[in-house]
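Peer 1: Got a file for you: final-v2.csv, CSV, C-alpha atoms.
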chain,number,residue,atom,x,y,z
A,1,GLU,CA,0.0,0.0,0.0
A,2,ALA,CA,1.3,3.4,-1.0
A,3,GLN,CA,1.8,5.5,2.2
A,4,VAL,CA,3.6,8.0,4.2
A,5,THR,CA,4.5,6.9,7.7
A,6,GLN,CA,5.6,9.0,10.7
A,7,ASN,CA,6.9,8.1,14.1
A,8,PRO,CA,6.2,8.7,16.8
A,9,ARG,CA,2.5,9.7,16.5
A,10,TYR,CA,2.5,11.4,19.9
A,11,LEU,CA,5.3,12.8,21.9
A,12,ILE,CA,5.6,14.8,25.1
A,13,THR,CA,9.0,16.2,25.9
A,14,VAL,CA,10.7,18.9,27.8
A,15,THR,CA,12.4,22.1,26.7
A,16,GLY,CA,15.8,21.5,25.3
A,17,LYS,CA,15.7,17.8,24.9
A,18,LYS,CA,16.7,16.9,21.3
A,19,LEU,CA,14.2,14.9,19.4
A,20,THR,CA,13.7,13.4,15.9
A,21,VAL,CA,10.4,12.7,14.1
A,22,THR,CA,10.9,10.2,11.3
A,23,CYS,CA,9.1,10.2,8.0
A,24,SER,CA,9.2,7.5,5.4
A,25,GLN,CA,7.4,7.0,2.0
A,26,ASN,CA,7.2,3.9,-0.2
A,27,MET,CA,6.2,5.6,-3.4
A,28,ASN,CA,9.7,6.5,-4.7
A,29,HIS,CA,8.9,10.2,-4.7
A,30,GLU,CA,11.7,12.6,-5.1
A,31,TYR,CA,10.0,15.5,-3.2
A,32,MET,CA,9.2,15.4,0.5
A,33,SER,CA,8.3,18.2,2.9
A,34,TRP,CA,7.3,18.9,6.5
A,35,TYR,CA,4.4,21.1,7.7
A,36,ARG,CA,3.2,22.2,11.0
A,37,GLN,CA,-0.5,22.7,11.8
A,38,ASP,CA,-1.6,25.3,14.3
A,39,PRO,CA,-5.2,26.3,15.2
A,40,GLY,CA,-6.4,29.1,13.0
A,41,LEU,CA,-3.3,29.0,10.8
A,42,GLY,CA,-3.8,26.0,8.7
A,43,LEU,CA,-0.6,24.2,7.7
A,44,ARG,CA,2.7,26.0,7.1
A,45,GLN,CA,5.7,24.5,5.4
A,46,ILE,CA,8.8,24.0,7.5
A,47,TYR,CA,11.3,22.5,5.2
A,48,TYR,CA,11.2,20.7,1.9
A,49,SER,CA,13.5,18.4,-0.1
A,50,MET,CA,13.6,18.2,-3.9
A,51,ASN,CA,15.7,15.1,-3.9
A,52,VAL,CA,18.4,13.3,-1.9
A,53,GLU,CA,20.9,15.7,-0.3
A,54,VAL,CA,18.8,18.7,-1.6
A,55,THR,CA,16.9,20.5,1.1
A,56,ASP,CA,15.6,24.0,1.6
A,57,LYS,CA,13.7,26.2,4.0
A,58,GLY,CA,10.0,26.7,3.9
A,59,ASP,CA,8.1,29.4,5.6
A,60,VAL,CA,8.7,28.5,9.2
A,61,PRO,CA,12.2,26.8,9.4
A,62,GLU,CA,13.5,28.4,12.7
A,63,GLY,CA,14.3,25.8,15.3
A,64,TYR,CA,14.2,22.8,12.9
A,65,LYS,CA,16.7,20.8,10.9
A,66,VAL,CA,16.2,18.1,8.3
A,67,SER,CA,18.3,15.7,6.4
A,68,ARG,CA,17.7,13.6,3.2
A,69,LYS,CA,20.3,10.9,3.0
A,70,GLU,CA,18.1,8.5,1.1
A,71,LYS,CA,15.0,9.0,-1.0
A,72,ARG,CA,12.5,7.3,1.2
A,73,ASN,CA,13.3,9.0,4.5
A,74,PHE,CA,13.1,12.6,5.6
A,75,PRO,CA,13.5,13.1,9.3
A,76,LEU,CA,12.7,16.3,11.2
A,77,ILE,CA,15.1,17.2,13.9
A,78,LEU,CA,14.4,19.6,16.8
A,79,GLU,CA,17.8,20.2,18.4
A,80,SER,CA,16.5,22.2,21.3
A,81,PRO,CA,12.7,22.1,21.4
A,82,SER,CA,10.8,25.0,22.9
A,83,PRO,CA,7.1,25.3,24.0
A,84,ASN,CA,6.3,27.3,20.8
A,85,GLN,CA,7.1,24.2,18.8
A,86,THR,CA,4.1,22.4,20.4
A,87,SER,CA,2.1,21.6,17.3
A,88,LEU,CA,0.8,18.9,15.0
A,89,TYR,CA,3.4,18.0,12.4
A,90,PHE,CA,2.8,16.4,9.0
A,91,CYS,CA,5.2,14.9,6.5
A,92,ALA,CA,4.2,14.9,2.9
A,93,SER,CA,5.4,13.2,-0.2
A,94,ARG,CA,4.8,14.6,-3.7
A,95,GLU,CA,3.9,12.9,-6.9
A,96,THR,CA,4.4,14.8,-10.1
A,97,GLY,CA,3.9,13.7,-13.7
A,98,THR,CA,1.3,13.6,-16.4
A,99,SER,CA,-2.0,11.9,-16.7
A,100,GLY,CA,-4.0,11.9,-19.9
A,101,GLY,CA,-1.6,14.5,-21.3
A,102,ALA,CA,-2.2,16.9,-18.4
A,103,ARG,CA,0.3,17.7,-15.7
A,104,THR,CA,-0.5,16.4,-12.2
A,105,ASP,CA,1.1,17.5,-8.9
A,106,THR,CA,-0.3,15.9,-5.8
A,107,GLN,CA,1.0,15.7,-2.2
A,108,TYR,CA,0.2,12.8,0.1
A,109,PHE,CA,0.3,13.4,3.8
A,110,GLY,CA,1.4,11.2,6.7
A,111,PRO,CA,-0.9,10.6,9.7
A,112,GLY,CA,0.7,13.4,11.8
A,113,THR,CA,2.8,13.7,14.9
A,114,ARG,CA,1.4,15.5,17.8
A,115,LEU,CA,4.2,17.1,19.8
A,116,THR,CA,4.0,18.8,23.2
A,117,VAL,CA,7.0,20.6,24.5
A,118,LEU,CA,6.7,21.4,28.2
B,1,ALA,CA,1.7,37.3,-1.8
B,2,GLN,CA,-0.2,34.2,-2.4
B,3,SER,CA,-2.9,33.4,0.1
B,4,VAL,CA,-5.9,31.2,0.7
B,5,THR,CA,-9.0,32.2,2.6
B,6,GLN,CA,-11.7,30.0,4.0
B,7,PRO,CA,-14.2,32.5,5.3
B,8,ASP,CA,-16.1,30.0,7.5
B,9,ILE,CA,-14.3,28.8,10.5
B,10,HIS,CA,-17.1,26.6,11.7
B,11,ILE,CA,-20.2,25.3,9.9
B,12,THR,CA,-23.1,23.2,11.2
B,13,VAL,CA,-25.5,21.4,8.9
B,14,SER,CA,-28.2,18.8,9.4
B,15,GLU,CA,-27.6,15.3,8.2
B,16,GLY,CA,-29.0,15.0,4.7
B,17,ALA,CA,-28.7,18.7,4.0
B,18,SER,CA,-26.5,20.1,1.3
B,19,LEU,CA,-23.1,21.6,2.0
B,20,GLU,CA,-20.9,24.2,0.5
B,21,LEU,CA,-17.6,25.2,1.9
B,22,ARG,CA,-16.0,28.3,0.5
B,23,CYS,CA,-12.4,28.8,-0.6
B,24,ASN,CA,-10.9,31.9,-2.1
B,25,TYR,CA,-7.3,32.3,-3.2
B,26,SER,CA,-5.0,35.2,-4.2
B,27,TYR,CA,-2.6,34.5,-7.0
B,28,GLY,CA,-1.7,36.0,-10.3
B,29,ALA,CA,-2.0,32.9,-12.4
B,30,THR,CA,-4.0,29.7,-12.4
B,31,PRO,CA,-3.0,27.6,-9.5
B,32,TYR,CA,-3.4,24.0,-8.7
B,33,LEU,CA,-6.2,23.6,-6.2
B,34,PHE,CA,-6.9,20.9,-3.6
B,35,TRP,CA,-9.3,20.1,-0.9
B,36,TYR,CA,-8.2,17.9,2.0
B,37,VAL,CA,-10.2,16.5,4.9
B,38,GLN,CA,-8.9,15.8,8.4
B,39,SER,CA,-11.1,13.6,10.5
B,40,PRO,CA,-10.6,13.8,14.3
B,41,GLY,CA,-7.2,12.3,15.2
B,42,GLN,CA,-6.4,11.5,11.6
B,43,GLY,CA,-4.1,12.7,9.0
B,44,LEU,CA,-5.0,14.7,5.8
B,45,GLN,CA,-6.9,12.9,3.1
B,46,LEU,CA,-7.1,14.2,-0.4
B,47,LEU,CA,-10.7,14.8,-1.4
B,48,LEU,CA,-10.2,16.2,-4.9
B,49,LYS,CA,-7.9,18.3,-7.0
B,50,TYR,CA,-7.9,20.7,-10.0
B,51,PHE,CA,-5.1,21.2,-12.4
B,52,SER,CA,-6.7,22.2,-15.7
B,53,GLY,CA,-9.6,21.4,-17.9
B,54,ASP,CA,-13.1,20.9,-16.7
B,55,THR,CA,-13.8,23.4,-13.9
B,56,LEU,CA,-16.1,21.0,-12.1
B,57,VAL,CA,-14.2,18.2,-10.5
B,58,GLN,CA,-15.4,15.2,-8.7
B,59,GLY,CA,-13.8,13.7,-5.7
B,60,ILE,CA,-14.1,10.9,-3.2
B,61,LYS,CA,-17.0,10.5,-0.7
B,62,GLY,CA,-19.5,12.2,-3.0
B,63,PHE,CA,-17.7,15.6,-2.9
B,64,GLU,CA,-17.3,18.0,-5.9
B,65,ALA,CA,-15.7,21.4,-6.3
B,66,GLU,CA,-16.0,24.1,-8.9
B,67,PHE,CA,-13.1,26.3,-10.0
B,68,LYS,CA,-14.3,29.8,-10.9
B,69,ARG,CA,-11.5,31.9,-12.2
B,70,SER,CA,-13.4,35.1,-12.3
B,71,GLN,CA,-14.1,34.8,-8.5
B,72,SER,CA,-10.8,33.2,-7.6
B,73,SER,CA,-12.8,30.5,-5.8
B,74,PHE,CA,-12.8,26.8,-5.5
B,75,ASN,CA,-15.8,25.9,-3.3
B,76,LEU,CA,-16.5,22.4,-2.1
B,77,ARG,CA,-20.0,20.9,-2.3
B,78,LYS,CA,-21.9,17.9,-1.3
B,79,PRO,CA,-25.6,17.4,-2.0
B,80,SER,CA,-26.4,15.3,1.1
B,81,VAL,CA,-24.2,15.3,4.1
B,82,HIS,CA,-23.6,12.2,6.2
B,83,TRP,CA,-22.7,12.2,9.9
B,84,SER,CA,-19.3,10.7,9.0
B,85,ASP,CA,-18.5,13.9,7.1
B,86,ALA,CA,-18.0,15.8,10.3
B,87,ALA,CA,-14.3,16.8,10.1
B,88,GLU,CA,-12.0,19.7,9.4
B,89,TYR,CA,-11.7,20.7,5.7
B,90,PHE,CA,-8.7,22.4,4.2
B,91,CYS,CA,-8.4,24.2,0.9
B,92,ALA,CA,-4.9,24.3,-0.5
B,93,VAL,CA,-3.2,26.0,-3.4
B,94,GLY,CA,-0.1,24.9,-5.3
B,95,PHE,CA,1.8,26.8,-8.0
B,96,ASP,CA,3.5,25.9,-11.2
B,97,GLY,CA,6.3,27.5,-12.9
B,98,SER,CA,10.1,27.9,-12.6
B,99,SER,CA,9.7,29.1,-9.0
B,100,ASN,CA,7.7,26.1,-8.0
B,101,THR,CA,9.0,24.9,-4.7
B,102,GLY,CA,6.2,22.4,-4.3
B,103,LYS,CA,4.9,24.3,-1.3
B,104,LEU,CA,1.2,24.2,-0.7
B,105,ILE,CA,-0.5,27.2,0.8
B,106,PHE,CA,-3.4,26.2,3.1
B,107,GLY,CA,-6.4,28.0,4.2
B,108,GLN,CA,-7.2,28.2,7.9
B,109,GLY,CA,-9.6,25.3,7.8
B,110,THR,CA,-13.4,24.9,8.2
B,111,THR,CA,-14.7,22.6,10.9
B,112,LEU,CA,-17.9,20.9,9.8
B,113,GLN,CA,-20.4,19.7,12.5
B,114,VAL,CA,-23.3,17.5,11.4
B,115,LYS,CA,-26.5,17.5,13.4
B,116,PRO,CA,-28.6,14.3,13.5
As C-alpha cells, please, write out the structure in this file.

Peer 2:
Amino acid sequence: EAQVTQNPRYLITVTGKKLTVTCSQNMNHEYMSWYRQDPGLGLRQIYYSMNVEVTDKGDVPEGYKVSRKEKRNFPLILESPSPNQTSLYFCASRETGTSGGARTDTQYFGPGTRLTVL
Amino acid sequence: AQSVTQPDIHITVSEGASLELRCNYSYGATPYLFWYVQSPGQGLQLLLKYFSGDTLVQGIKGFEAEFKRSQSSFNLRKPSVHWSDAAEYFCAVGFDGSSNTGKLIFGQGTTLQVKP
C-alpha cells in the first residue's frame, strides 16, 4: 500500500531535549516536505527536499533541521525544542507527472505527529 | 503574496442537507487547487484536485468542487451530508512555474459539524 508513515504519532517532551520525528514514504517520490499545523493558521511548510541531499527552508524553518540521505526518509530534527514548537506535524510526499496528457502534482500526507513541549 | 482564505471557521449542517464550503485564493495565475479532509485524530486525506480542464471536479466520498477563475474561488460541495462527514476541511493551493518549490498554501480550515 502506498503510504507516508511518521513516528512517533504522539510525543511529550521537555524544553531543550533533542528529538527526531521520522518520516518514510514507499512511493519512490523525489520530493518530500514537513508542515506544522496550528489552530487558525492551517498548515505551514517548515522544510522541503527536492531530492536526496537537496533540502531548503519553507516558511517557518526556525528551530528545525532536516536531512535527506536517502530517497524514502526525511526526518525532522528539533535540536532544542521550545514550547512554541508544540504543534501537529505532517510529513508529505509529492507525486508529479502527467495523466492523460495533463500535468499532475499531488501531495500525500502522513498521519501526523502531535508534539507537546513542556 | 499568495494566500488562501476559508471564510467560514465553523459550519453546522443537518444530516441529509446540502453543503458548500468556501475557498478563495489570491494568486496572479491559475494555481493547482486541492481540498483535504482531516477527521478527528487522523491525517490529511485528499478529497479532490484541480489542475486544468473541466472546472467542475469530482472527488471521493461524493464531494465535488468548482473552480471559478473570475471569482478566484474553489468551493467544495456535497448534495447530502452524512454524519461521518464531520471533520475539518482544508483548501490548499499549489503553484506551477520555474519558482515552483512544491509548497502548498493552506487555508485556515473549516470545521464541519453534522447535526442528527

Peer 1: List as JSON lines every residue of chain A that is in contact with chain B, defined as an atom at most 7 Å from one of its atoms (using all atoms listed in the file), together with the nearest atom pair and the distance in Å rounded to one decimal, sorted by chain and then rising number.

Peer 2:
{"residue": "A:Gly40", "atom": "CA", "partner": "B:Gln108", "partner_atom": "CA", "distance": 5.2}
{"residue": "A:Leu41", "atom": "CA", "partner": "B:Gln108", "partner_atom": "CA", "distance": 4.9}
{"residue": "A:Gly42", "atom": "CA", "partner": "B:Gln108", "partner_atom": "CA", "distance": 4.1}
{"residue": "A:Leu43", "atom": "CA", "partner": "B:Phe106", "partner_atom": "CA", "distance": 5.7}
{"residue": "A:Gln45", "atom": "CA", "partner": "B:Lys103", "partner_atom": "CA", "distance": 6.8}
{"residue": "A:Thr104", "atom": "CA", "partner": "B:Phe51", "partner_atom": "CA", "distance": 6.7}
{"residue": "A:Phe109", "atom": "CA", "partner": "B:Leu44", "partner_atom": "CA", "distance": 5.8}
{"residue": "A:Gly110", "atom": "CA", "partner": "B:Gly43", "partner_atom": "CA", "distance": 6.1}
{"residue": "A:Pro111", "atom": "CA", "partner": "B:Gly43", "partner_atom": "CA", "distance": 3.9}
{"residue": "A:Gly112", "atom": "CA", "partner": "B:Gly43", "partner_atom": "CA", "distance": 5.6}

Peer 1: What is the distance, in Å and to one decimal place, between atom CA of Ser26 of chain B and atom CA of Gly97 of chain A?

Peer 2: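 Interatomic distance here is 25.1 Å.
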
Peer 1: Quick one, how far is atom CA of Asp59 of chain A from atom CA of Thr5 of chain A?

Peer 2: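 Result for atom CA of Asp59 of chain A versus atom CA of Thr5 of chain A: 22.9 Å, one decimal.
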
Peer 1: Excluding Cys91 of chain A and residues on its chain fewer than 2 positions from it, collect all residues at most 9 Å away from it, counting all atoms listed in the file, and give them as a list in words.

Peer 2: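 Final neighbour list, sorted by chain and number: Val4, Thr5, Gln6, Thr22, Cys23, Ser24, Met32, Ser33, Trp34, Tyr35, Arg36, Phe74, Pro75, Leu76, Tyr89, Ser93, Tyr108, Phe109, Gly110, Pro111, Gly112 and Thr113 of chain A.
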
Peer 1: Just want the 8 Å neighbourhood of Leu56 of chain B, counted on only C-alpha atoms, with same-chain residues fewer than 6 positions away dropped. Output as a PyMOL selection string.

Peer 2: chain B and resi 64-67

Peer 1: Could you check how far atom CA of Asp38 of chain A sits from atom CA of Gln107 of chain A, in Å to one decimal?

Peer 2: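 If I compute the distance from atom CA of Asp38 of chain A to atom CA of Gln107 of chain A, I get 19.3 Å.
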
Peer 1: Need the shell around Glu30 of chain A: protein/DNA/RNA residues with any atom at most 12 Å away, counting only C-alpha atoms. Skip same-chain ones fewer than 5 positions apart. Format as a list in words?

Peer 2: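 Returned residues: Ser24, Gln25, Tyr48, Ser49, Met50, Asn51, Val52, Glu53, Val54, Thr55, Arg68, Lys69, Glu70, Lys71, Arg72, Asn73, Phe74, Ala92, Ser93, Arg94, Glu95, Thr96, Gly97 and Gln107 of chain A; Gly102 of chain B.
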
Peer 1: Output C-alpha atoms for every residue in that selection, as a PDB file, in the frame of the given file.

Peer 2:
ATOM      1  CA  SER A  24       9.200   7.500   5.400  1.00  0.00           C
ATOM      2  CA  GLN A  25       7.400   7.000   2.000  1.00  0.00           C
ATOM      3  CA  TYR A  48      11.200  20.700   1.900  1.00  0.00           C
ATOM      4  CA  SER A  49      13.500  18.400  -0.100  1.00  0.00           C
ATOM      5  CA  MET A  50      13.600  18.200  -3.900  1.00  0.00           C
ATOM      6  CA  ASN A  51      15.700  15.100  -3.900  1.00  0.00           C
ATOM      7  CA  VAL A  52      18.400  13.300  -1.900  1.00  0.00           C
ATOM      8  CA  GLU A  53      20.900  15.700  -0.300  1.00  0.00           C
ATOM      9  CA  VAL A  54      18.800  18.700  -1.600  1.00  0.00           C
ATOM     10  CA  THR A  55      16.900  20.500   1.100  1.00  0.00           C
ATOM     11  CA  ARG A  68      17.700  13.600   3.200  1.00  0.00           C
ATOM     12  CA  LYS A  69      20.300  10.900   3.000  1.00  0.00           C
ATOM     13  CA  GLU A  70      18.100   8.500   1.100  1.00  0.00           C
ATOM     14  CA  LYS A  71      15.000   9.000  -1.000  1.00  0.00           C
ATOM     15  CA  ARG A  72      12.500   7.300   1.200  1.00  0.00           C
ATOM     16  CA  ASN A  73      13.300   9.000   4.500  1.00  0.00           C
ATOM     17  CA  PHE A  74      13.100  12.600   5.600  1.00  0.00           C
ATOM     18  CA  ALA A  92       4.200  14.900   2.900  1.00  0.00           C
ATOM     19  CA  SER A  93       5.400  13.200  -0.200  1.00  0.00           C
ATOM     20  CA  ARG A  94       4.800  14.600  -3.700  1.00  0.00           C
ATOM     21  CA  GLU A  95       3.900  12.900  -6.900  1.00  0.00           C
ATOM     22  CA  THR A  96       4.400  14.800 -10.100  1.00  0.00           C
ATOM     23  CA  GLY A  97       3.900  13.700 -13.700  1.00  0.00           C
ATOM     24  CA  GLN A 107       1.000  15.700  -2.200  1.00  0.00           C
TER      25      GLN A 107
ATOM     26  CA  GLY B 102       6.200  22.400  -4.300  1.00  0.00           C
TER      27      GLY B 102
END

Peer 1: Go through A:Thr98, A:Thr20, A:Thr15, A:Asn28 and flag the residue nearest Asn84 of chain A, using all atoms listed in the file for the distances.

Peer 2: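 Answer, going by the shortest atom-to-atom distance: A:Thr15.
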
Peer 1: Mind checking which residues fall within 9 Å of Lys65 of chain A, counting all atoms listed in the file, ignoring those fewer than 4 positions away in the same chain, and posting them as a PyMOL selection string?

Peer 2: chain A and resi 47+61+75-79

Peer 1: With distances taken over only C-alpha atoms, which residue among A:Val21, A:Met27, A:Leu115, A:Ile46 lies nearest Gly63 of chain A?

Peer 2: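 Residue with the minimum atom-to-atom distance to Gly63 of chain A: A:Ile46.
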
Peer 1: Considering all atoms listed in the file, can you say which of A:Leu118, A:Pro81, A:Thr106, A:Ser87 comes closest to Lys17 of chain A?

Peer 2: A:Pro81

Peer 1: For each of A:Leu19, A:Tyr31, A:Val14, A:Leu88, take the minimum atom-to-atom distance to Asp56 of chain A, counting all atoms listed in the file, then give the residue where this is smallest.

Peer 2: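 When distances to Asp56 of chain A are compared using all atoms listed in the file, the smallest one comes from A:Tyr31.
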